[in-house]
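To keep things clear, I will list the structure first and then write my remarks on it.
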Number of protein chains: 2
Amino acid sequence: MSGIILKPIGFISSPFKRLEEIPPQSTHAKDKTAIIEIMEEYKEGLKDLDNYSHIIVQFYFHKSKDYDLMTTTPWSKEKKGVFATRSPRRPNPVGVTIVKLKSIDGCKLEIQGVDMLDQTPVLDIKPYVASLNPVIE
Amino acid sequence: MSGIILKPIGFISSPFKRLEEIPPQSTHAKDKTAIIEIMEEYKEGLKDLDNYSHIIVQFYFHKSKDYDLMTTTPWSKEKKGVFATRSPRRPNPVGVTIVKLKSIDGCKLEIQGVDMLDQTPVLDIKPYVASLNPVIE
């Protein structure tokens with residue numbers, strides 16, 4: 001199979017201008033807000049999204065240039081398999097996060113609970129429905 | 001920005017051979033199991049993943065050839081903006097699901113709660129930690 005080619009549907013304007021400023025998890029940045037600006041050509045696809053309080057954002061780690069199969073996390077010096085972490089240095093540098101959707105104004109989504117770098121390319125947005133998540137026994 | 005090129009890290013062997021067989025949400029397929037087979041070159045990255053009961057799987061809707069900005073869902077005849085749905089016909093045909101991780105045997109992950117088509121390319125795997133998800137007020 002040849003490569004899968006994706007295109008940003010928009011970009012994030014976030015308060016985090018440098019990698020070092022990003023909190024390890026979005027729940028640690030609960031009060032940080034940011035704007036996702038969707039390209040005009042995709043604007044119609046945002047219709048009805050304002051029915052949801054939270055959204056799932058899939059994005060591209062645009063500053064991540066390579067990957068490590070074993071990596072450390074902010075919580076331990078022990079190396080772990082990359083798929084057991086949320087490190088941006090992954091074979092496919094894609095991330096996913098759930099954020100609060102505060103408002104939509106045209107192509108601009110105001111979101112809260114941000115852990116993405118400024119100018120992060122957004123690949124997809126989906127509604128987040130808590131009841132569809134598994135209950136962990 | 002030019003296109004973002006991703007490569008499958010593995011493929012899913014699922015009981016769903018045709019699109020019509022797929023349940024609308026993974027929670028409706030709670031008892032269906034499947035295998036994710038990761039390519040040998042990424043095997044080391046699976047280390048420590050068996051500490052988690054559930055994983056987040058990002059995947060490529062490989063049978064989705066185009067997109068609609070307005071689309072219907074299985075629950076309503078009314079058209080909705082595609083980003084307010086989980087339709088595979090999206091500008092970037094990427095999906096994300098949370099599944100139960102039953103076991104890991106070498107490069108093979110046995111998972112439960114599957115809503116992906118057989119031979120779906122897997123883009124990424126991450127641990128699912130329920131406490132990192134937002135609590136919806």
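Naming works like this for the structure tokens: A, B, ... for the chains as they're shown, residue 1 at the start of each chain, ligands 1 onward in shown order.
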*Could you list, as a PyMOL selection string, every residue of chain B that has an atom within 8 Å of an atom of chain A, counting only C-alpha atoms?*
chain B and resi 2-9+25-27+42+44-49+53-54+69-70+80-86+91-92+94+98-99+123-127+130+132-134+136
Can I get the selection written as a compact mmCIF listing (two decimals), in the first residue's frame, with C-alpha atoms?
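Dumped to result07.txt:
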```txt
# COMPACT_ATOMS: atom_id res chain seq x y z
CA SER B 2 1.81 20.34 1.17
CA GLY B 3 0.10 17.03 1.87
CA ILE B 4 0.76 15.04 5.01
CA ILE B 5 1.90 11.54 4.16
CA LEU B 6 1.14 8.70 6.56
CA LYS B 7 1.88 4.99 6.37
CA PRO B 8 -0.12 2.13 7.90
CA ILE B 9 1.57 0.67 11.00
CA GLN B 25 -20.95 2.64 16.82
CA SER B 26 -18.40 0.40 18.48
CA THR B 27 -20.52 0.20 21.64
CA TYR B 42 7.07 -1.39 14.82
CA GLU B 44 9.07 -2.83 19.87
CA GLY B 45 6.71 0.13 20.19
CA LEU B 46 4.02 -2.18 21.64
CA LYS B 47 6.03 -2.78 24.82
CA ASP B 48 4.13 -1.78 28.00
CA LEU B 49 0.83 -1.40 26.14
CA SER B 53 -7.31 -2.31 29.43
CA HIS B 54 -8.40 -0.10 26.52
CA LEU B 69 -19.89 18.32 3.64
CA MET B 70 -23.56 17.60 4.41
CA LYS B 80 -26.00 17.30 9.03
CA GLY B 81 -22.58 18.91 8.70
CA VAL B 82 -20.05 16.10 8.27
CA PHE B 83 -17.96 17.25 11.27
CA ALA B 84 -21.06 16.79 13.47
CA THR B 85 -21.17 13.11 12.39
CA ARG B 86 -18.88 10.09 12.29
CA PRO B 91 -12.33 15.49 3.92
CA ASN B 92 -9.66 13.40 5.67
CA VAL B 94 -9.64 9.11 9.35
CA ILE B 98 -11.70 3.13 21.72
CA VAL B 99 -11.58 -0.64 22.04
CA LEU B 123 -2.40 4.69 11.67
CA ASP B 124 -1.73 4.83 15.39
CA ILE B 125 -2.40 3.24 18.75
CA LYS B 126 -2.39 5.03 22.09
CA PRO B 127 -3.32 4.03 25.63
CA ALA B 130 -10.50 7.24 31.29
CA LEU B 132 -7.93 11.99 31.15
CA ASN B 133 -11.26 12.38 29.43
CA PRO B 134 -13.29 15.44 30.31
CA ILE B 136 -19.27 16.39 30.79
```
Set the distance at 9 Å and use only C-alpha atoms: which residues neighbour Ser13 of chain B once local chain neighbours fewer than 5 positions away are removed? I'd like the list as a PDB file with N, CA, C and O atoms, in the first residue's frame.
```pdb
ATOM      1  N   ALA B  34     -11.543  -8.717  17.152  1.00  0.00           N
ATOM      2  CA  ALA B  34     -10.773  -8.595  15.915  1.00  0.00           C
ATOM      3  C   ALA B  34      -9.297  -8.618  16.287  1.00  0.00           C
ATOM      4  O   ALA B  34      -8.940  -8.543  17.462  1.00  0.00           O
ATOM      5  N   ILE B  35      -8.474  -8.710  15.278  1.00  0.00           N
ATOM      6  CA  ILE B  35      -7.020  -8.697  15.488  1.00  0.00           C
ATOM      7  C   ILE B  35      -6.433  -7.480  14.769  1.00  0.00           C
ATOM      8  O   ILE B  35      -6.765  -7.225  13.611  1.00  0.00           O
ATOM      9  N   ILE B  36      -5.603  -6.739  15.477  1.00  0.00           N
ATOM     10  CA  ILE B  36      -4.753  -5.749  14.803  1.00  0.00           C
ATOM     11  C   ILE B  36      -3.380  -6.387  14.678  1.00  0.00           C
ATOM     12  O   ILE B  36      -2.792  -6.802  15.684  1.00  0.00           O
ATOM     13  N   GLU B  37      -2.887  -6.487  13.458  1.00  0.00           N
ATOM     14  CA  GLU B  37      -1.531  -7.013  13.274  1.00  0.00           C
ATOM     15  C   GLU B  37      -0.604  -5.864  12.892  1.00  0.00           C
ATOM     16  O   GLU B  37      -0.758  -5.230  11.855  1.00  0.00           O
ATOM     17  N   MET B 116     -14.602  -1.515  12.736  1.00  0.00           N
ATOM     18  CA  MET B 116     -13.825  -1.250  11.529  1.00  0.00           C
ATOM     19  C   MET B 116     -13.968  -2.397  10.527  1.00  0.00           C
ATOM     20  O   MET B 116     -14.146  -3.553  10.903  1.00  0.00           O
ATOM     21  N   LEU B 117     -13.856  -2.017   9.282  1.00  0.00           N
ATOM     22  CA  LEU B 117     -13.921  -2.962   8.177  1.00  0.00           C
ATOM     23  C   LEU B 117     -12.651  -3.820   8.154  1.00  0.00           C
ATOM     24  O   LEU B 117     -11.574  -3.361   8.520  1.00  0.00           O
ATOM     25  N   ASP B 118     -12.806  -5.053   7.700  1.00  0.00           N
ATOM     26  CA  ASP B 118     -11.648  -5.937   7.525  1.00  0.00           C
ATOM     27  C   ASP B 118     -10.608  -5.270   6.614  1.00  0.00           C
ATOM     28  O   ASP B 118     -10.952  -4.632   5.618  1.00  0.00           O
ATOM     29  N   GLN B 119      -9.354  -5.404   6.963  1.00  0.00           N
ATOM     30  CA  GLN B 119      -8.218  -4.851   6.212  1.00  0.00           C
ATOM     31  C   GLN B 119      -8.049  -3.335   6.363  1.00  0.00           C
ATOM     32  O   GLN B 119      -7.322  -2.700   5.580  1.00  0.00           O
ATOM     33  N   THR B 120      -8.718  -2.772   7.346  1.00  0.00           N
ATOM     34  CA  THR B 120      -8.553  -1.339   7.611  1.00  0.00           C
ATOM     35  C   THR B 120      -7.112  -1.029   8.017  1.00  0.00           C
ATOM     36  O   THR B 120      -6.577  -1.678   8.917  1.00  0.00           O
TER      37      THR B 120
END
```
*Enumerate, as number ranges by chain, the complete set of residues in segment 1-132 of chain A that a backbone-based DSSP assignment places in strand (DSSP E or B).*
A: 4-6, 10-13, 33-38, 54-60, 70-73, 76-81, 94-105, 108-112, 121-127
_Quick check, in Å to one decimal: how far apart do atom CA of Lys17 of chain B and atom CA of Pro88 of chain B lie?_
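Separation of atom CA of Lys17 of chain B and atom CA of Pro88 of chain B: 15.8 Å.
Here atom CA of Thr33 of chain A stands at a distance of 26.5 Å from atom CA of Lys65 of chain A.
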_Could you pull out the helix (DSSP H, G or I) residues of chain A, going by DSSP on the backbone, and write them as a list in words?_
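Checking each residue of chain A, the helix (DSSP H, G or I) ones are Leu19, Glu20, Glu21, Ser26, Thr27, His28, Ala29, Glu40, Glu41, Tyr42, Lys43, Glu44, Gly45, Leu46, Leu49, Asp50, Asn51, Val82, Phe83, Ala84, Ala130, Ser131 and Leu132 of chain A.
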*Please measure the separation of atom CA of Ile104 of chain B and atom CA of Ser76 of chain A, giving the value in Å to one decimal.*
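Here the two named atoms are 23.3 Å from each other.
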*Taking into account only C-alpha atoms, which residue in the set A:Val114, A:Glu40, A:Pro15, A:Thr73 is nearest to Leu101 of chain A?*
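Checking each candidate against Leu101 of chain A, we get A:Val114 as the closest.
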